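S.K.: Okay, so here is input_39.cif, and as you'll see once you scroll down, it has mmCIF, C-alpha atoms.
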```
data_upload
#
loop_
_atom_site.label_atom_id
_atom_site.label_comp_id
_atom_site.auth_asym_id
_atom_site.auth_seq_id
_atom_site.Cartn_x
_atom_site.Cartn_y
_atom_site.Cartn_z
CA MET A 257 -28.30 18.14 -3.38
CA THR A 258 -29.98 17.56 -6.76
CA PRO A 259 -27.58 16.20 -9.42
CA ARG A 260 -27.09 18.46 -12.41
CA LEU A 261 -26.96 17.51 -16.03
CA ASP A 262 -23.85 18.66 -17.85
CA PHE A 263 -24.74 20.13 -21.26
CA SER A 264 -22.10 22.83 -21.55
CA PRO A 265 -20.10 23.36 -24.77
CA GLY A 266 -17.11 22.00 -22.86
CA SER A 267 -19.00 18.79 -22.18
CA LYS A 268 -19.93 18.39 -25.85
CA ALA A 269 -16.30 19.05 -26.82
CA ARG A 270 -15.15 16.40 -24.36
CA ASP A 271 -17.62 13.90 -25.83
CA PHE A 272 -16.30 14.64 -29.33
CA LEU A 273 -12.67 14.32 -28.24
CA ARG A 274 -13.49 11.10 -26.39
CA GLY A 275 -14.95 9.64 -29.60
CA LEU A 276 -11.89 10.76 -31.53
CA ALA A 277 -9.64 9.09 -28.95
CA VAL A 278 -11.60 5.85 -29.33
CA ALA A 279 -11.12 5.99 -33.11
CA VAL A 280 -7.38 6.56 -32.67
CA GLY A 281 -7.16 3.67 -30.21
CA ALA A 282 -9.05 1.38 -32.57
CA GLY A 283 -6.72 2.36 -35.41
CA VAL A 284 -3.68 1.48 -33.32
CA PHE A 285 -5.26 -1.84 -32.29
CA LEU A 286 -6.06 -2.86 -35.87
CA ALA A 287 -2.59 -1.79 -37.05
CA LEU A 288 -0.82 -3.79 -34.34
CA GLY A 289 -2.99 -6.82 -35.10
CA GLY A 290 -2.50 -6.57 -38.86
CA ALA A 291 -6.25 -6.77 -39.41
CA PHE A 292 -7.79 -7.78 -42.76
CA GLY A 293 -4.58 -9.13 -44.24
CA SER A 294 -2.42 -6.07 -43.55
CA ASN A 295 -0.04 -8.00 -41.28
CA GLY A 296 2.47 -8.42 -44.12
CA ALA A 297 3.17 -4.69 -44.23
CA PRO A 298 5.55 -2.86 -41.85
CA LEU A 299 3.99 -1.49 -38.68
CA ALA A 300 4.53 2.13 -39.74
CA GLN A 301 2.68 1.47 -42.98
CA ARG A 302 -0.17 -0.26 -41.16
CA LEU A 303 -0.49 2.70 -38.80
CA ALA A 304 -0.49 5.12 -41.72
CA TYR A 305 -3.33 3.10 -43.24
CA TRP A 306 -5.59 2.30 -40.28
CA MET A 307 -5.36 5.64 -38.48
CA PRO A 308 -6.84 7.73 -41.33
CA VAL A 309 -9.46 5.07 -42.04
CA LEU A 310 -10.74 5.02 -38.45
CA VAL A 311 -10.39 8.75 -37.73
CA VAL A 312 -11.87 10.00 -41.00
CA GLY A 313 -14.54 7.30 -40.83
CA GLY A 314 -15.45 8.41 -37.31
CA LEU A 315 -15.62 12.08 -38.28
CA TRP A 316 -17.72 11.31 -41.35
CA GLY A 317 -20.03 9.12 -39.27
CA HIS A 318 -20.46 11.93 -36.72
CA LEU A 319 -21.45 14.42 -39.42
CA CYS A 320 -23.85 11.91 -40.99
CA SER A 321 -25.42 11.27 -37.60
CA LEU A 322 -26.09 14.99 -37.13
CA LEU A 323 -27.71 15.10 -40.58
CA VAL A 324 -29.87 12.00 -40.10
CA GLU A 325 -31.17 13.18 -36.73
CA ARG A 326 -32.48 16.38 -38.31
CA PHE A 327 -34.96 14.32 -40.33
CA ILE A 328 -35.47 11.07 -38.43
CA ASP A 329 -36.45 10.58 -34.80
CA VAL A 330 -34.09 7.69 -34.14
CA ASP A 331 -35.66 7.07 -30.74
CA ALA A 332 -39.05 6.41 -32.29
CA ARG A 333 -37.71 4.67 -35.44
CA PRO A 334 -34.29 3.28 -34.52
CA TRP A 335 -33.96 0.78 -37.35
CA LEU A 336 -34.78 3.44 -39.92
CA GLY A 337 -32.02 5.53 -38.35
CA VAL A 338 -29.57 2.63 -38.61
CA ALA A 339 -30.50 2.03 -42.26
CA ALA A 340 -30.16 5.71 -43.15
CA LEU A 341 -26.80 6.03 -41.41
CA THR A 342 -25.48 2.89 -43.10
CA LEU A 343 -26.62 4.09 -46.53
CA ILE A 344 -25.17 7.58 -46.20
CA ILE A 345 -21.88 6.61 -44.57
CA THR A 346 -20.98 3.55 -46.63
CA GLY A 347 -20.67 5.03 -50.14
CA PRO A 348 -18.04 7.73 -49.52
CA LEU A 349 -16.24 5.58 -46.93
CA THR A 350 -15.98 2.68 -49.40
CA LEU A 351 -14.41 5.03 -51.94
CA MET A 352 -11.89 6.22 -49.37
CA VAL A 353 -10.94 2.70 -48.27
CA TRP A 354 -10.60 1.57 -51.91
CA ALA A 355 -8.33 4.51 -52.78
CA LEU A 356 -6.21 4.32 -49.64
CA THR A 357 -5.74 0.54 -49.89
CA GLY A 358 -4.37 0.82 -53.42
CA LEU A 359 -2.12 3.78 -52.69
CA MET A 360 -0.74 2.43 -49.42
CA PHE A 361 -0.14 -1.19 -50.36
CA GLU A 362 0.26 -1.14 -54.16
CA GLY A 363 1.47 2.39 -54.86
CA ARG A 364 -1.41 3.10 -57.26
CA LEU A 365 -5.15 3.32 -57.41
CA ARG A 366 -6.77 -0.04 -57.87
CA HIS A 367 -9.11 -0.68 -60.79
CA ALA A 368 -12.58 0.77 -60.33
CA ASP A 369 -14.07 -2.71 -60.69
CA ASP A 370 -12.53 -3.57 -57.30
CA LEU A 371 -14.87 -1.13 -55.57
CA VAL A 372 -17.55 -3.81 -55.50
CA HIS A 373 -15.32 -6.00 -53.30
CA PHE A 374 -14.85 -3.24 -50.73
CA PHE A 375 -18.51 -2.32 -50.40
CA PRO A 376 -19.85 -5.37 -48.47
CA PRO A 377 -17.29 -5.34 -45.60
CA VAL A 378 -17.48 -1.56 -45.24
CA ALA A 379 -21.29 -1.71 -45.22
CA LEU A 380 -21.30 -4.50 -42.64
CA ILE A 381 -18.93 -2.71 -40.26
CA THR A 382 -20.84 0.55 -40.75
CA ALA A 383 -24.18 -1.13 -40.02
CA VAL A 384 -22.84 -2.71 -36.81
CA LEU A 385 -21.31 0.54 -35.55
CA SER A 386 -24.43 2.52 -36.50
CA ALA A 387 -26.64 0.08 -34.60
CA LEU A 388 -24.41 0.33 -31.54
CA ASN A 389 -24.54 4.11 -31.75
CA VAL A 390 -28.34 4.21 -32.06
CA PHE A 391 -29.24 1.58 -29.49
CA LEU A 392 -26.49 2.08 -26.93
CA GLY A 393 -25.71 5.77 -27.32
CA ARG A 394 -26.70 8.06 -24.49
CA ARG A 395 -26.80 11.84 -24.59
CA GLN A 396 -26.93 14.52 -22.00
CA PRO A 397 -30.18 16.50 -22.24
CA VAL A 398 -30.05 20.26 -21.96
CA GLU A 399 -30.89 21.34 -18.42
CA THR A 400 -32.03 24.85 -17.50
CA HIS A 401 -31.74 26.19 -13.97
CA ALA A 402 -33.91 28.36 -11.76
CA GLY A 403 -32.55 31.86 -11.32
CA ALA A 404 -31.26 33.11 -7.99
CA PRO A 405 -33.44 35.48 -5.94
CA GLY A 406 -33.33 38.92 -7.51
CA ASP A 407 -32.28 37.65 -10.94
CA ALA A 408 -34.17 38.84 -14.00
CA PRO A 409 -36.83 36.42 -15.32
CA ALA A 410 -35.89 34.04 -18.10
CA ARG A 411 -35.60 35.89 -21.41
CA PHE A 412 -37.86 33.36 -23.10
CA LEU A 413 -40.88 34.58 -21.14
CA ASP A 414 -40.79 37.79 -23.18
CA ARG A 415 -41.67 35.69 -26.23
CA LEU A 416 -44.99 34.51 -24.83
CA PRO A 417 -47.88 35.74 -27.01
CA SER A 418 -50.07 38.38 -25.36
CA LYS A 419 -52.85 35.94 -24.53
CA LEU A 420 -50.39 33.78 -22.56
CA ARG A 421 -48.53 36.59 -20.75
CA GLY A 422 -48.44 36.12 -17.02
CA GLY A 423 -49.12 32.41 -17.36
CA ARG A 424 -46.94 29.65 -16.02
CA LEU A 425 -44.84 28.01 -18.74
CA ILE A 426 -44.92 24.22 -18.32
CA ALA A 427 -43.56 22.89 -21.63
CA VAL A 428 -42.17 23.85 -25.03
CA GLN A 429 -42.79 21.59 -28.01
CA ALA A 430 -41.07 21.82 -31.41
CA GLU A 431 -43.36 21.58 -34.44
CA ASP A 432 -41.37 21.90 -37.68
CA HIS A 433 -39.93 25.44 -37.58
CA TYR A 434 -42.31 26.53 -34.83
CA LEU A 435 -42.56 26.07 -31.08
CA ARG A 436 -45.81 25.36 -29.30
CA LEU A 437 -45.75 26.98 -25.89
CA HIS A 438 -47.82 25.16 -23.27
CA THR A 439 -48.92 27.24 -20.27
CA ASP A 440 -51.62 27.10 -17.62
CA ARG A 441 -53.47 29.66 -19.75
CA GLY A 442 -53.46 27.58 -22.91
CA SER A 443 -51.01 27.13 -25.78
CA ASP A 444 -49.87 29.01 -28.86
CA LEU A 445 -47.23 28.89 -31.59
CA ILE A 446 -44.21 31.10 -32.17
CA LEU A 447 -41.59 30.96 -34.92
CA MET A 448 -38.34 29.79 -33.30
CA ARG A 449 -36.00 26.81 -33.11
CA LEU A 450 -35.90 24.72 -29.95
CA SER A 451 -32.09 24.93 -29.84
CA ASP A 452 -32.34 28.73 -29.62
CA ALA A 453 -35.16 28.59 -27.09
CA LEU A 454 -33.19 26.36 -24.72
CA ALA A 455 -30.59 29.09 -24.23
CA GLU A 456 -33.30 31.64 -23.37
CA LEU A 457 -35.07 29.26 -20.98
CA GLU A 458 -32.19 29.55 -18.52
CA GLY A 459 -33.75 30.98 -15.38
CA LEU A 460 -36.55 28.37 -15.39
CA GLU A 461 -35.82 24.96 -13.90
CA GLY A 462 -36.41 22.27 -16.49
CA ALA A 463 -34.76 20.06 -19.07
CA GLN A 464 -34.99 18.81 -22.61
CA THR A 465 -36.73 15.45 -22.35
CA HIS A 466 -36.80 14.65 -26.05
CA ARG A 467 -35.39 16.10 -29.24
CA SER A 468 -38.66 18.05 -29.61
CA TRP A 469 -39.58 18.82 -25.99
CA TRP A 470 -38.55 20.88 -22.95
CA ALA A 471 -40.50 20.49 -19.70
CA ALA A 472 -40.57 22.53 -16.50
CA ARG A 473 -39.46 20.43 -13.59
CA ASP A 474 -42.00 21.77 -11.13
CA ALA A 475 -44.83 20.91 -13.55
CA VAL A 476 -44.20 17.15 -13.45
CA ALA A 477 -47.20 15.46 -11.82
CA SER A 478 -46.32 11.82 -12.52
CA VAL A 479 -44.05 9.54 -14.52
CA ALA A 480 -45.14 6.51 -16.54
CA ARG A 481 -42.60 3.87 -17.52
CA GLY A 482 -42.99 0.82 -19.70
CA ASP A 483 -41.71 -0.92 -22.80
CA GLY A 484 -38.30 0.66 -22.28
CA ARG A 485 -39.67 4.19 -22.49
CA ALA A 486 -40.88 6.87 -20.11
CA ALA A 487 -43.34 9.73 -20.33
CA LEU A 488 -44.01 12.65 -18.02
CA THR A 489 -47.52 13.79 -17.21
CA LEU A 490 -47.50 17.50 -16.42
CA ASP A 491 -49.98 19.63 -14.53
CA GLY A 492 -53.13 19.90 -16.64
CA GLY A 493 -52.67 16.43 -18.14
CA LEU A 494 -50.15 17.21 -20.87
CA VAL A 495 -48.04 14.10 -21.62
CA VAL A 496 -44.41 14.71 -22.59
CA PRO A 497 -42.28 11.91 -24.07
CA VAL A 498 -38.86 11.06 -22.66
CA SER A 499 -36.22 9.99 -25.15
CA ARG A 500 -34.45 6.69 -24.48
CA ARG A 501 -31.18 8.57 -24.86
CA TYR A 502 -32.11 11.10 -22.20
CA ALA A 503 -33.89 8.79 -19.77
CA LYS A 504 -30.88 7.66 -17.73
CA ALA A 505 -29.50 11.19 -17.30
CA LEU A 506 -32.90 12.50 -16.19
CA ARG A 507 -33.37 9.61 -13.79
CA ASP A 508 -29.89 10.15 -12.34
CA ALA A 509 -30.74 13.85 -11.91
CA GLY A 510 -33.70 12.91 -9.74
CA TRP A 511 -36.58 13.62 -12.11
CA TRP A 512 -38.08 10.31 -11.00
#
```
Translate the structure described by the file into structure tokens.

M.R.:
Amino acid sequence: MTPRLDFSPGSKARDFLRGLAVAVGAGVFLALGGAFGSNGAPLAQRLAYWMPVLVVGGLWGHLCSLLVERFIDVDARPWLGVAALTLIITGPLTLMVWALTGLMFEGRLRHADDLVHFFPPVALITAVLSALNVFLGRRQPVETHAGAPGDAPARFLDRLPSKLRGGRLIAVQAEDHYLRLHTDRGSDLILMRLSDALAELEGLEGAQTHRSWWAARDAVASVARGDGRAALTLDGGLVVPVSRRYAKALRDAGWW
């Protein structure tokens, strides 16, 4: 039986809740250990400090990650992704840590000049966590499944331009706000987002191999691997990149 990739909304919700649980656990750990000189405060006060810092920081980092990945291909330029995440996350998070530290431990906001002392440690921790997220993070690619006998064809096939109608769809490639549809009759562009197309591709067996690509499984002719990356060569010679983040899930699902 071929393994299936889990990309359902429930799976994404579980991933989000798992990350939130990790942040809560880290907050409890730092509070119990009295990290960064907070050991002189009562445990309840340390919990009230570290829990918001870790949870809000994690939520803010998640939102920043979604924003950065709209403009930067972090698989192709990972260090640029780390730098952008660190830059965007650190400023507001430093302000929050500065304000919360003064209110929780001194009962007032600290002087604005103290902000400069909070920035380096917050930036360092943010950079480390961002690097771990970029280089070690793995995501589940969207998988689409072949329809059962008698099922209607995939809705996406109705979007094929007239010159491609009746052709075999082998790949979909995102180009800015457009999609390039690759078929055995040639290729053409349509105005659509890949995220919307993936829902309509259900009924065709394939998967998202990269943030900008979907490939039909039965079109894969060969797989090339090297330098930590993989690429699929499809029928007709089209080469489709495989994201580092998706590679393990695709391999586990039997794509190669």

S.K.: Restricting the calculation to all atoms listed in the file: of A:Met448, A:Ala410, A:Ala368, A:Ile426, which residue gets closest to Ala477 (chain A)?

M.R.: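 The closest residue to Ala477 (chain A) is A:Ile426.
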
S.K.: Which residues, written as a list of chain:residue names, have at least one atom at most 8 Å from Leu276 (chain A), with all atoms listed in the file counted and residues fewer than 4 positions away on the same chain left out?

M.R.: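 Listing them by chain and then by number gives A:Phe272, A:Val280, A:Val311, A:Gly314, A:Leu315.
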
S.K.: Could you please take those selected residues and save C-alpha atoms as a short mmCIF file (atom, residue, chain, number, x, y, z; two decimals), in the coordinates of the input?

M.R.:
```cif
data_model
loop_
_atom_site.label_atom_id
_atom_site.label_comp_id
_atom_site.auth_asym_id
_atom_site.auth_seq_id
_atom_site.Cartn_x
_atom_site.Cartn_y
_atom_site.Cartn_z
CA PHE A 272 -16.30 14.64 -29.33
CA VAL A 280 -7.38 6.56 -32.67
CA VAL A 311 -10.39 8.75 -37.73
CA GLY A 314 -15.45 8.41 -37.31
CA LEU A 315 -15.62 12.08 -38.28
#
```

S.K.: Take the PyMOL selection byres ((chain A and resi 418) around 12), run it mentally on this structure, and tell me the resulting residues as a list in words.

M.R.: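 Here the PyMOL selection byres ((chain A and resi 418) around 12) matches Leu413, Asp414, Arg415, Leu416, Pro417, Lys419, Leu420, Arg421, Gly422, Gly423, Arg441, Gly442, Ser443, Asp444, Leu445 and Ile446 of chain A.
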
S.K.: Could you tell me which of A:Glu458, A:Asp440, A:Asp331, A:Glu325 comes closest to Arg501 (chain A) if we count only C-alpha atoms?

M.R.: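 Among the listed residues, the smallest separation from Arg501 (chain A) belongs to A:Asp331.
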
S.K.: Any idea what's packed within 9 Å of Ala430 (chain A), counting all atoms listed in the file, ignoring anything in its chain fewer than 4 positions away? Could you give it as a list of chain:residue names?

M.R.: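 Final neighbour list, sorted by chain and number: A:Tyr434, A:Leu435, A:Arg436, A:Leu437, A:Met448, A:Arg449, A:Leu450, A:Arg467, A:Ser468, A:Trp469, A:Trp470.
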
S.K.: Between CA of Thr350 (chain A) and CA of His318 (chain A), what is the distance, to one decimal in Å?

M.R.: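 These atoms are spaced 16.3 Å apart.
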
S.K.: Compile the contact shell of Ala355 (chain A) as a PDB file with C-alpha atoms, in the frame of the given file: residues with an atom at most 10 Å away, counting only C-alpha atoms, same-chain residues fewer than 2 positions apart removed.

M.R.:
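The resulting selection.pdb:
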```pdb
ATOM      1  CA  LEU A 349     -16.240   5.580 -46.930  1.00  0.00           C
ATOM      2  CA  THR A 350     -15.980   2.680 -49.400  1.00  0.00           C
ATOM      3  CA  LEU A 351     -14.410   5.030 -51.940  1.00  0.00           C
ATOM      4  CA  MET A 352     -11.890   6.220 -49.370  1.00  0.00           C
ATOM      5  CA  VAL A 353     -10.940   2.700 -48.270  1.00  0.00           C
ATOM      6  CA  THR A 357      -5.740   0.540 -49.890  1.00  0.00           C
ATOM      7  CA  GLY A 358      -4.370   0.820 -53.420  1.00  0.00           C
ATOM      8  CA  LEU A 359      -2.120   3.780 -52.690  1.00  0.00           C
ATOM      9  CA  MET A 360      -0.740   2.430 -49.420  1.00  0.00           C
ATOM     10  CA  ARG A 364      -1.410   3.100 -57.260  1.00  0.00           C
ATOM     11  CA  LEU A 365      -5.150   3.320 -57.410  1.00  0.00           C
ATOM     12  CA  ARG A 366      -6.770  -0.040 -57.870  1.00  0.00           C
ATOM     13  CA  HIS A 367      -9.110  -0.680 -60.790  1.00  0.00           C
ATOM     14  CA  ALA A 368     -12.580   0.770 -60.330  1.00  0.00           C
ATOM     15  CA  LEU A 371     -14.870  -1.130 -55.570  1.00  0.00           C
TER      16      LEU A 371
END
```

S.K.: Enumerate, as a list in words, the residues matched when the PyMOL selection byres ((chain A and resi 375-382) around 9) is run on the file above.

M.R.: Gly317, Leu341, Thr342, Leu343, Ile345, Thr346, Gly347, Leu349, Thr350, Leu351, Val353, Trp354, Leu371, Val372, His373, Phe374, Ala383, Val384, Leu385, Ser386 and Ala387 of chain A

S.K.: Can you take the partial region 470-494 of chain A, add N, CA, C and O atoms, and return it as a short mmCIF file (atom, residue, chain, number, x, y, z; two decimals), keeping the file's coordinate frame?

M.R.:
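Listed below is the output, rebuild-v6.cif:
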```
data_model
loop_
_atom_site.label_atom_id
_atom_site.label_comp_id
_atom_site.auth_asym_id
_atom_site.auth_seq_id
_atom_site.Cartn_x
_atom_site.Cartn_y
_atom_site.Cartn_z
N TRP A 470 -39.11 20.41 -24.22
CA TRP A 470 -38.55 20.88 -22.95
C TRP A 470 -39.70 20.90 -21.97
O TRP A 470 -40.83 21.29 -22.32
N ALA A 471 -39.45 20.50 -20.72
CA ALA A 471 -40.50 20.49 -19.70
C ALA A 471 -40.00 21.18 -18.45
O ALA A 471 -38.81 21.07 -18.08
N ALA A 472 -40.90 21.90 -17.79
CA ALA A 472 -40.57 22.53 -16.50
C ALA A 472 -40.59 21.46 -15.42
O ALA A 472 -41.53 20.67 -15.34
N ARG A 473 -39.57 21.47 -14.60
CA ARG A 473 -39.46 20.43 -13.59
C ARG A 473 -40.59 20.48 -12.56
O ARG A 473 -41.11 19.44 -12.15
N ASP A 474 -40.98 21.68 -12.16
CA ASP A 474 -42.00 21.77 -11.13
C ASP A 474 -43.40 21.48 -11.65
O ASP A 474 -44.38 21.48 -10.89
N ALA A 475 -43.52 21.22 -12.97
CA ALA A 475 -44.83 20.91 -13.55
C ALA A 475 -45.07 19.41 -13.64
O ALA A 475 -46.16 18.97 -14.02
N VAL A 476 -44.07 18.60 -13.31
CA VAL A 476 -44.20 17.15 -13.45
C VAL A 476 -45.12 16.62 -12.35
O VAL A 476 -44.84 16.74 -11.16
N ALA A 477 -46.24 16.03 -12.78
CA ALA A 477 -47.20 15.46 -11.82
C ALA A 477 -46.96 13.98 -11.60
O ALA A 477 -47.12 13.48 -10.49
N SER A 478 -46.58 13.25 -12.65
CA SER A 478 -46.32 11.82 -12.52
C SER A 478 -45.47 11.34 -13.68
O SER A 478 -45.30 12.04 -14.69
N VAL A 479 -44.91 10.14 -13.51
CA VAL A 479 -44.05 9.54 -14.52
C VAL A 479 -44.58 8.15 -14.83
O VAL A 479 -44.88 7.37 -13.91
N ALA A 480 -44.72 7.85 -16.11
CA ALA A 480 -45.14 6.51 -16.54
C ALA A 480 -43.98 5.85 -17.26
O ALA A 480 -43.34 6.46 -18.12
N ARG A 481 -43.69 4.61 -16.90
CA ARG A 481 -42.60 3.87 -17.52
C ARG A 481 -43.11 2.53 -18.02
O ARG A 481 -43.94 1.90 -17.38
N GLY A 482 -42.59 2.11 -19.15
CA GLY A 482 -42.99 0.82 -19.70
C GLY A 482 -42.46 0.65 -21.10
O GLY A 482 -42.26 1.62 -21.82
N ASP A 483 -42.21 -0.60 -21.46
CA ASP A 483 -41.71 -0.92 -22.80
C ASP A 483 -40.43 -0.18 -23.11
O ASP A 483 -40.18 0.23 -24.25
N GLY A 484 -39.60 0.02 -22.08
CA GLY A 484 -38.30 0.66 -22.28
C GLY A 484 -38.35 2.15 -22.45
O GLY A 484 -37.34 2.79 -22.72
N ARG A 485 -39.55 2.76 -22.30
CA ARG A 485 -39.67 4.19 -22.49
C ARG A 485 -40.32 4.82 -21.28
O ARG A 485 -40.88 4.14 -20.42
N ALA A 486 -40.26 6.13 -21.21
CA ALA A 486 -40.88 6.87 -20.11
C ALA A 486 -41.61 8.07 -20.68
O ALA A 486 -41.31 8.55 -21.77
N ALA A 487 -42.59 8.53 -19.94
CA ALA A 487 -43.34 9.73 -20.33
C ALA A 487 -43.70 10.49 -19.06
O ALA A 487 -43.99 9.89 -18.02
N LEU A 488 -43.67 11.80 -19.14
CA LEU A 488 -44.01 12.65 -18.02
C LEU A 488 -45.42 13.21 -18.22
O LEU A 488 -45.75 13.70 -19.30
N THR A 489 -46.23 13.12 -17.19
CA THR A 489 -47.52 13.79 -17.21
C THR A 489 -47.38 15.08 -16.41
O THR A 489 -47.01 15.04 -15.23
N LEU A 490 -47.66 16.20 -17.06
CA LEU A 490 -47.50 17.50 -16.42
C LEU A 490 -48.84 17.98 -15.85
O LEU A 490 -49.90 17.42 -16.14
N ASP A 491 -48.76 19.02 -15.06
CA ASP A 491 -49.98 19.63 -14.53
C ASP A 491 -50.91 19.98 -15.69
O ASP A 491 -50.47 20.55 -16.70
N GLY A 492 -52.17 19.64 -15.56
CA GLY A 492 -53.13 19.90 -16.64
C GLY A 492 -53.32 18.71 -17.55
O GLY A 492 -54.16 18.75 -18.45
N GLY A 493 -52.49 17.65 -17.37
CA GLY A 493 -52.67 16.43 -18.14
C GLY A 493 -51.82 16.30 -19.39
O GLY A 493 -51.91 15.29 -20.09
N LEU A 494 -51.01 17.30 -19.70
CA LEU A 494 -50.15 17.21 -20.87
C LEU A 494 -49.12 16.09 -20.68
O LEU A 494 -48.45 16.02 -19.65
#
```
